[in-house]
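What's in protein04.cif: mmCIF, C-alpha atoms
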data_entry
#
loop_
_atom_site.label_atom_id
_atom_site.label_comp_id
_atom_site.auth_asym_id
_atom_site.auth_seq_id
_atom_site.Cartn_x
_atom_site.Cartn_y
_atom_site.Cartn_z
CA MET A 1 59.80 15.75 54.32
CA SER A 2 58.23 12.72 56.01
CA GLN A 3 56.52 12.52 59.34
CA VAL A 4 56.07 9.49 61.72
CA VAL A 5 53.05 9.42 63.99
CA HIS A 6 52.67 6.41 66.35
CA ASP A 7 54.96 4.30 64.17
CA LEU A 8 52.88 5.34 61.14
CA LYS A 9 55.00 6.87 58.37
CA ILE A 10 53.28 9.46 56.19
CA PRO A 11 54.80 9.04 52.73
CA TRP A 12 54.73 12.60 51.31
CA GLN A 13 57.21 15.42 51.24
CA LEU A 14 56.60 19.09 52.07
CA LYS A 15 58.63 21.72 50.17
CA GLU A 16 58.99 25.46 50.81
CA LEU A 17 60.43 28.06 48.39
CA ASP A 18 61.79 31.21 49.99
CA PHE A 19 62.83 34.42 48.15
CA VAL A 20 65.43 36.81 49.53
CA ALA A 21 65.21 40.41 48.31
CA ASP A 22 68.32 42.21 47.07
CA SER A 23 70.28 44.05 49.73
CA ASP A 24 72.78 46.90 49.93
CA ASP A 25 71.25 48.56 46.85
CA VAL A 26 72.77 45.94 44.58
CA TYR A 27 71.54 47.73 41.44
CA GLY A 28 72.76 51.12 42.57
CA VAL A 29 71.68 54.55 43.81
CA PHE A 30 71.84 57.30 41.18
CA GLU A 31 72.32 61.02 41.69
CA PHE A 32 74.22 64.00 40.32
CA ALA A 33 77.86 64.38 41.23
CA SER A 34 78.95 67.52 43.10
CA ASP A 35 78.40 70.89 41.39
CA HIS A 36 82.09 71.02 40.51
CA TYR A 37 81.49 68.33 37.86
CA GLN A 38 78.54 70.12 36.22
CA SER A 39 79.45 72.84 33.71
CA ILE A 40 78.50 75.08 30.79
CA ASN A 41 81.02 74.79 27.97
CA MET A 42 81.11 78.01 25.93
CA ASP A 43 84.21 77.04 23.93
CA SER A 44 82.63 74.19 21.99
CA ILE A 45 80.62 74.63 18.78
CA PRO A 46 77.77 74.38 19.47
CA ARG A 47 77.87 75.34 23.13
CA GLN A 48 77.20 72.48 25.53
CA LEU A 49 76.06 71.51 29.01
CA HIS A 50 78.09 68.80 30.72
CA LEU A 51 76.37 66.73 33.42
CA ASN A 52 77.87 64.01 35.58
CA ILE A 53 75.67 61.28 37.12
CA THR A 54 77.12 58.88 39.71
CA ARG A 55 76.18 55.39 40.88
CA THR A 56 76.79 54.29 44.45
CA GLY A 57 76.05 50.93 46.08
CA GLY A 58 76.03 47.91 43.77
CA MET A 59 76.91 47.95 40.09
CA VAL A 60 74.84 44.96 38.94
CA GLY A 61 72.88 45.41 35.71
CA SER A 62 72.52 48.19 33.18
CA VAL A 63 70.22 50.98 34.31
CA ARG A 64 68.37 53.55 32.23
CA ILE A 65 67.87 57.00 33.76
CA ASN A 66 65.27 59.51 32.63
CA ILE A 67 66.37 63.17 32.93
CA THR A 68 64.90 66.57 32.11
CA VAL A 69 66.81 69.83 31.60
CA THR A 70 65.10 73.23 31.42
CA TYR A 71 66.23 76.85 31.04
CA HIS A 72 65.02 79.47 33.54
CA LEU A 73 65.25 83.25 33.24
CA PRO A 74 66.65 85.16 36.24
CA GLY A 75 64.35 84.91 39.25
CA SER A 76 61.83 82.65 37.53
CA SER A 77 60.84 79.11 38.51
CA ILE A 78 58.93 78.64 35.25
CA PRO A 79 60.88 77.08 32.34
CA SER A 80 61.55 79.40 29.40
CA ASN A 81 61.64 78.42 25.73
CA GLU A 82 64.12 81.18 24.86
CA VAL A 83 66.98 78.66 24.78
CA ALA A 84 66.48 75.28 23.09
CA LEU A 85 68.43 72.17 24.14
CA ASP A 86 69.19 69.13 22.01
CA TYR A 87 69.40 65.94 24.07
CA SER A 88 67.86 62.54 24.64
CA GLY A 89 65.74 62.21 27.74
CA ASP A 90 67.22 58.80 28.55
CA VAL A 91 70.76 57.93 29.68
CA THR A 92 72.14 54.43 30.27
CA ILE A 93 74.77 53.44 32.83
CA ALA A 94 76.25 50.06 31.97
CA ALA A 95 76.75 47.27 34.49
CA GLY A 96 79.99 47.77 36.42
CA SER A 97 80.11 51.52 35.73
CA ARG A 98 80.26 54.06 38.54
CA SER A 99 79.31 57.21 36.58
CA THR A 100 78.39 58.63 33.22
CA PHE A 101 78.74 62.01 31.49
CA VAL A 102 75.82 63.53 29.65
CA VAL A 103 76.39 66.15 26.92
CA LEU A 104 73.54 68.45 25.90
CA ARG A 105 73.83 70.84 22.95
CA ILE A 106 72.66 74.46 23.31
CA ALA A 107 70.99 75.94 20.21
CA ASP A 108 73.19 78.35 18.26
CA ASN A 109 70.60 81.10 18.43
CA GLY A 110 69.95 80.70 22.14
CA PHE A 111 70.71 83.87 24.13
CA LEU A 112 72.10 83.04 27.56
CA LYS A 113 71.08 85.81 29.93
CA LEU A 114 73.25 86.71 32.89
CA GLY A 115 71.66 85.34 36.09
CA ALA A 116 69.63 82.67 34.27
CA ALA A 117 70.08 78.97 35.06
CA PHE A 118 69.72 75.49 33.62
CA LYS A 119 67.88 73.04 35.89
CA ALA A 120 68.67 69.33 35.43
CA GLU A 121 66.56 66.73 37.21
CA LEU A 122 66.60 62.93 37.53
CA ILE A 123 63.02 61.75 36.99
CA ALA A 124 63.12 57.93 37.08
CA VAL A 125 65.43 54.89 36.90
CA ARG A 126 64.73 51.36 35.67
CA LEU A 127 66.67 48.14 35.19
CA GLN A 128 67.49 47.42 31.59
CA SER A 129 69.61 44.23 31.47
CA GLY A 130 71.79 41.88 33.52
CA VAL A 131 69.21 41.24 36.25
CA THR A 132 67.96 38.12 38.01
CA GLY A 133 65.09 36.12 36.55
CA LEU A 134 63.22 36.50 39.84
CA LEU A 135 62.70 40.21 39.25
CA HIS A 136 58.93 39.84 38.83
CA GLU A 137 58.52 37.62 41.88
CA VAL A 138 60.54 39.85 44.19
CA PRO A 139 60.46 43.58 43.39
CA PRO A 140 63.97 44.93 44.04
CA SER A 141 64.71 47.80 46.40
CA SER A 142 67.04 49.32 43.82
CA PRO A 143 67.91 50.94 41.45
CA LYS A 144 66.71 54.18 42.93
CA ILE A 145 67.35 57.93 42.87
CA GLY A 146 69.49 59.44 45.62
CA ASN A 147 69.21 62.72 47.49
CA LYS A 148 70.92 64.91 44.88
CA SER A 149 68.28 64.47 42.22
CA GLU A 150 68.49 67.98 40.76
CA VAL A 151 71.23 70.46 39.99
CA PHE A 152 71.35 74.07 38.79
CA LEU A 153 73.93 75.41 36.36
CA ASN A 154 73.99 79.18 36.75
CA VAL A 155 74.79 81.44 33.81
CA THR A 156 77.64 83.67 35.00
CA ALA A 157 79.37 86.59 33.29
CA LYS A 158 81.79 84.24 31.55
CA ASP A 159 78.92 82.18 30.14
CA ALA A 160 76.32 84.85 29.30
CA ASN A 161 75.81 86.61 26.02
CA GLY A 162 76.20 90.38 26.37
CA GLU A 163 73.29 92.77 26.75
CA VAL A 164 74.00 96.44 26.06
CA GLY A 165 71.87 99.52 26.58
CA PHE A 166 71.68 103.06 27.84
CA SER A 167 71.23 103.35 31.57
CA THR A 168 67.50 103.75 32.23
CA ALA A 169 68.36 106.66 34.54
CA HIS A 170 70.11 108.51 31.69
CA GLN A 171 67.88 108.32 28.62
CA MET A 172 66.77 111.99 28.54
CA PHE A 173 69.30 114.78 27.99
CA SER A 174 69.01 118.54 27.56
CA VAL A 175 71.93 120.62 26.26
CA GLN A 176 72.60 124.21 25.28
CA GLU A 177 73.79 125.10 21.83
CA PRO A 178 77.42 126.14 22.27
CA ALA A 179 78.25 129.86 22.20
CA GLY A 180 80.96 131.02 19.86
CA SER A 181 82.46 128.97 17.05
CA ALA A 182 83.57 125.82 18.93
CA SER A 183 81.46 122.66 19.14
CA SER A 184 80.51 121.04 22.43
CA PHE A 185 80.42 117.30 23.05
CA LEU A 186 77.83 115.17 24.83
CA GLN A 187 78.88 111.84 26.36
CA LEU A 188 76.21 109.12 26.41
CA ALA A 189 77.11 106.16 28.64
CA VAL A 190 76.34 102.68 27.30
CA LYS A 191 76.51 99.79 29.76
CA ARG A 192 76.63 96.04 29.29
CA SER A 193 76.11 92.92 31.34
CA GLY A 194 77.09 89.39 30.47
CA THR A 195 79.99 88.42 28.28
CA ALA A 196 83.44 89.84 28.94
CA ASN A 197 84.56 89.37 25.33
CA ARG A 198 85.13 92.21 22.88
CA VAL A 199 81.94 93.41 21.17
CA VAL A 200 81.12 96.27 18.80
CA VAL A 201 77.95 98.38 19.12
CA HIS A 202 76.60 100.39 16.16
CA TRP A 203 74.46 103.52 16.66
CA ASN A 204 72.74 106.22 14.62
CA ILE A 205 70.88 109.51 15.02
CA THR A 206 67.25 109.92 13.97
CA SER A 207 64.69 112.70 14.42
CA ASN A 208 61.04 113.38 13.64
CA SER A 209 61.44 117.06 14.44
CA ASN A 210 61.16 119.51 11.53
CA THR A 211 63.49 121.87 13.38
CA PHE A 212 66.39 119.41 13.49
CA PHE A 213 68.91 119.30 10.66
CA PRO A 214 71.88 116.97 10.09
CA ASN A 215 74.34 119.85 10.39
CA ASP A 216 73.14 120.51 13.97
CA THR A 217 75.37 117.63 15.11
CA GLY A 218 78.49 115.81 14.00
CA PRO A 219 78.37 112.31 12.44
CA GLN A 220 74.90 110.78 12.25
CA SER A 221 76.12 107.24 12.90
CA GLY A 222 79.08 105.38 14.31
CA LYS A 223 80.25 102.53 16.49
CA VAL A 224 81.87 101.97 19.87
CA SER A 225 83.74 98.93 21.15
CA PHE A 226 83.63 97.16 24.48
CA GLU A 227 87.07 95.71 24.98
CA GLU A 228 87.48 92.51 26.95
CA GLY A 229 86.44 93.10 30.54
CA GLN A 230 84.84 96.52 29.91
CA ASP A 231 81.29 97.09 31.13
CA GLU A 232 80.80 100.76 30.12
CA VAL A 233 81.75 102.94 27.13
CA ASN A 234 80.68 106.38 25.91
CA ILE A 235 79.09 107.46 22.64
CA THR A 236 80.29 110.98 21.86
CA ILE A 237 77.82 113.32 20.11
CA GLU A 238 79.08 116.60 18.69
CA ILE A 239 76.75 119.60 19.11
CA LYS A 240 77.59 122.27 16.53
CA PRO A 241 77.11 126.03 17.02
CA ASP A 242 75.47 128.53 14.68
CA GLU A 243 74.26 132.09 14.84
CA SER A 244 70.73 131.52 13.58
CA PRO A 245 67.80 131.89 15.98
CA GLU A 246 66.34 128.42 16.61
CA VAL A 247 63.61 126.84 18.69
CA ALA A 248 64.27 123.70 20.72
CA LYS A 249 65.10 120.65 18.61
CA VAL A 250 64.97 116.99 19.57
CA PHE A 251 66.85 114.00 18.18
CA THR A 252 67.30 110.37 19.23
CA VAL A 253 70.49 108.35 19.50
CA LYS A 254 69.59 104.71 18.84
CA LEU A 255 71.61 101.54 19.37
CA VAL A 256 71.26 99.56 16.15
CA ASN A 257 73.04 96.22 16.61
CA VAL A 258 75.68 94.38 18.63
CA SER A 259 78.29 91.92 17.39
CA ASP A 260 79.26 88.47 18.71
CA MET A 261 75.91 87.05 19.89
CA GLY A 262 75.23 90.17 21.91
CA ARG A 263 71.88 91.90 21.95
CA ILE A 264 70.38 95.25 22.87
CA GLN A 265 68.58 95.46 26.20
CA VAL A 266 64.82 95.82 25.79
CA GLY A 267 63.70 99.37 26.62
CA ALA A 268 67.25 100.74 26.76
CA ASP A 269 68.03 101.16 23.07
CA LYS A 270 67.36 104.92 22.79
CA ALA A 271 68.53 108.17 24.37
CA GLN A 272 66.63 111.40 23.61
CA VAL A 273 68.57 114.65 23.36
CA THR A 274 67.04 118.14 23.34
CA ILE A 275 69.04 121.15 22.14
CA GLU A 276 67.39 124.07 23.86
CA GLU A 277 66.29 127.13 21.96
CA SER A 278 69.06 129.53 21.06
CA ASP A 279 69.81 132.96 19.60
CA ASN A 280 66.43 134.39 20.65
CA PRO A 281 64.14 132.40 18.34
CA GLY A 282 61.06 134.29 19.57
CA GLY A 283 62.46 137.68 18.62
CA THR A 284 62.50 141.08 20.32
CA PHE A 285 59.29 143.07 20.79
CA GLU A 286 58.82 146.84 20.88
CA PHE A 287 56.24 149.48 20.10
CA LYS A 288 56.10 150.58 16.48
CA ASN A 289 55.99 154.29 17.36
CA SER A 290 57.79 155.93 20.23
CA THR A 291 55.99 159.28 19.98
CA ALA A 292 53.29 160.17 22.48
CA VAL A 293 49.67 159.63 21.56
CA VAL A 294 47.27 162.41 22.60
CA LEU A 295 43.60 161.66 23.13
CA GLN A 296 40.93 164.34 23.32
CA GLU A 297 38.32 163.53 25.91
CA SER A 298 35.66 165.35 23.91
CA SER A 299 36.51 163.46 20.78
CA SER A 300 33.94 160.99 19.53
CA ASN A 301 36.74 158.65 18.51
CA ASN A 302 37.93 156.99 21.71
CA PHE A 303 39.89 154.19 19.99
CA ILE A 304 43.57 154.16 19.07
CA ASN A 305 45.80 151.64 17.38
CA ILE A 306 49.07 150.82 19.10
CA GLY A 307 51.47 148.90 16.89
CA ILE A 308 53.83 146.25 18.29
CA VAL A 309 56.61 144.84 16.11
CA ARG A 310 58.81 141.76 16.46
CA LYS A 311 62.39 141.97 15.28
CA VAL A 312 65.23 139.53 14.57
CA SER A 313 63.28 136.25 14.59
CA ALA A 314 59.73 134.90 14.53
CA LEU A 315 60.13 131.13 14.81
CA ASP A 316 57.44 130.55 17.41
CA SER A 317 54.23 131.98 18.83
CA ARG A 318 54.42 134.42 21.71
CA TRP A 319 51.92 136.26 23.88
CA VAL A 320 52.75 139.93 24.46
CA SER A 321 51.14 141.79 27.32
CA PHE A 322 51.20 145.53 28.02
CA VAL A 323 49.68 147.98 30.45
CA MET A 324 48.54 151.57 30.05
CA VAL A 325 49.69 153.89 32.84
CA PRO A 326 48.15 157.35 33.01
CA SER A 327 50.56 160.27 33.33
CA GLY A 328 50.06 163.95 33.98
CA GLU A 329 47.24 165.54 35.90
CA MET A 330 44.32 163.26 36.68
CA LYS A 331 40.80 164.79 36.70
#
As a first step, turn the structure in this file into structure tokens.
Amino acid sequence: MSQVVHDLKIPWQLKELDFVADSDDVYGVFEFASDHYQSINMDSIPRQLHLNITRTGGMVGSVRINITVTYHLPGSSIPSNEVALDYSGDVTIAAGSRSTFVVLRIADNGFLKLGAAFKAELIAVRLQSGVTGLLHEVPPSSPKIGNKSEVFLNVTAKDANGEVGFSTAHQMFSVQEPAGSASSFLQLAVKRSGTANRVVVHWNITSNSNTFFPNDTGPQSGKVSFEEGQDEVNITIEIKPDESPEVAKVFTVKLVNVSDMGRIQVGADKAQVTIEESDNPGGTFEFKNSTAVVLQESSSNNFINIGIVRKVSALDSRWVSFVMVPSGEMK
């Protein structure tokens, strides 16, 4: 540029360099697609999470996205380490691409609890290649993270591993020994939450009571099956009769293991059963002699022994009380 002042020409040139920032989010806005495109895949081996990330606005340049995915137990906002995930924390969307799928592997031994959730979050984005050389002179307004920067994948009944256990309201039972020669049968309800697939539950009977014997019940172990879609089954315990006097006896029905990645609910693995005393285990009490005892008031021996006997059975300790009632003429 030259300038003339009063016919005097100034012989230099002035130059100006202007920079224009990118517009219309030329490098893209990144966020998760709708929840419909996020899923838990239970049919693959190993199980997987599928995430879909979209790019709106411009498609110039390759962009690297940093993501985190955590597992949360039902009702908790704190990540849990009960389920491990195998994935890279960085994902790249190539120039010209509108979306990308991310596959995360779920550890084989990870137990997916009904009502839990996976939380996926976009943390940061940065340009990787295919950008203008003026990047350092003019910081771009994109790439950037959009509004849908996090998504939750809820563990539903079709995704969860099964948890089985006795109902906490029905873990103490009291039964009578059957009268006569026929056995009676006790039904113990076992419930499950989570998977709808077929699973098998094994159980056994144990007891620390020295009054309980294996022949007091039927089989000491067994199994029950939850068929597909079932959420409750019964364990049937046979209570056998006998004619021997017995005190109360206690035994425990315990859930031992569950097939097909199922597990036993904590605190709901046992049901305690008490067979109440039967056939008069304490016995029958009566006086040893039924003849009258005569005391002489003038006698120097004012003590008598009254014998009490117990018949039939003596399996426990009993207190026996009696009263003396005067009869005849009182002086």
*asked:* Going by the chain IDs and residue numbers used in this file, which residues fall under the PyMOL selection byres ((chain A and resi 111-117) around 12)? Write them as an MDAnalysis selection string.
replied: chainID A and resid 39:40 42 47:49 69:85 106:110 118:120 151:164 192:196 260:265
*Please provide the set of residues having any atom within 9 Å of A:Pro241, restricted to all atoms listed in the file, with same-chain residues fewer than 5 positions apart removed, written as an MDAnalysis selection string.*
chainID A and resid 177:184 216:217
Those residues with C-alpha atoms, as a compact mmCIF listing (two decimals), in the frame of the given file please?
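Once everything was written out, this is selection.txt:
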# COMPACT_ATOMS: atom_id res chain seq x y z
CA GLU A 177 73.79 125.10 21.83
CA PRO A 178 77.42 126.14 22.27
CA ALA A 179 78.25 129.86 22.20
CA GLY A 180 80.96 131.02 19.86
CA SER A 181 82.46 128.97 17.05
CA ALA A 182 83.57 125.82 18.93
CA SER A 183 81.46 122.66 19.14
CA SER A 184 80.51 121.04 22.43
CA ASP A 216 73.14 120.51 13.97
CA THR A 217 75.37 117.63 15.11
_Assuming the chain letters and numbering stay as they are in my file, what does the PyMOL selection byres ((chain A and resi 37) around 12) actually select? List them as JSON, numbers by chain._
{"A": [32, 33, 34, 35, 36, 38, 39, 40, 41, 49, 50, 51, 52, 53, 54, 99, 100, 101, 102, 151, 152, 153]}
*Quick one: everything within 7 Å of A:Ala271, counting all atoms listed in the file, minus sequence neighbours fewer than 4 positions away in the same chain. Send it as a count of residues only.*
6
*asked:* On this structure, the PyMOL selection byres ((chain A and resi 127) around 6) would catch which residues? List them as JSON, numbers by chain, sorted by chain and number.
replied: {"A": [63, 126, 128]}
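For the atom pair formed by atom CA of A:Ile275 and atom CA of A:Lys240, the distance is 10.3 Å, given to one decimal.
Of the residues under consideration (A:Lys249, A:Lys270, A:Lys191, A:Lys144), A:Lys270 shows the shortest atom-to-atom contact distance to A:Ile205 when counting only C-alpha atoms.
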_12 Å contact set for A:Val29, all atoms listed in the file, chain neighbours under 2 positions out, as a ChimeraX atom specification_ = /A:24-27,31-33,53-60,63,65,93,98-99,122,124-127,141-149
*Find the residues near A:Glu227: any atom within 7 Å, counting all atoms listed in the file, skip ones fewer than 3 places away on the same chain, and give them as a ChimeraX atom specification.*
/A:197-199,230
*Separation of atom CA of A:Ser225 and atom CA of A:Val250, in Å?*
26.1 Å
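With only C-alpha atoms taken into account, the protein and nucleic acid residues at most 7 Å from A:Val224 (excluding it and anything under 4 positions from it in its own chain) are Val200, Val201, His202 and Ile235 of chain A.
The spacing separating atom CA of A:Glu277 from atom CA of A:Gln176 amounts to 7.7 Å.
Shortest atom-to-atom contact with A:Glu238 among A:Ser207, A:Thr68, A:Asn257, A:Asn215: A:Asn215, counting all atoms listed in the file.
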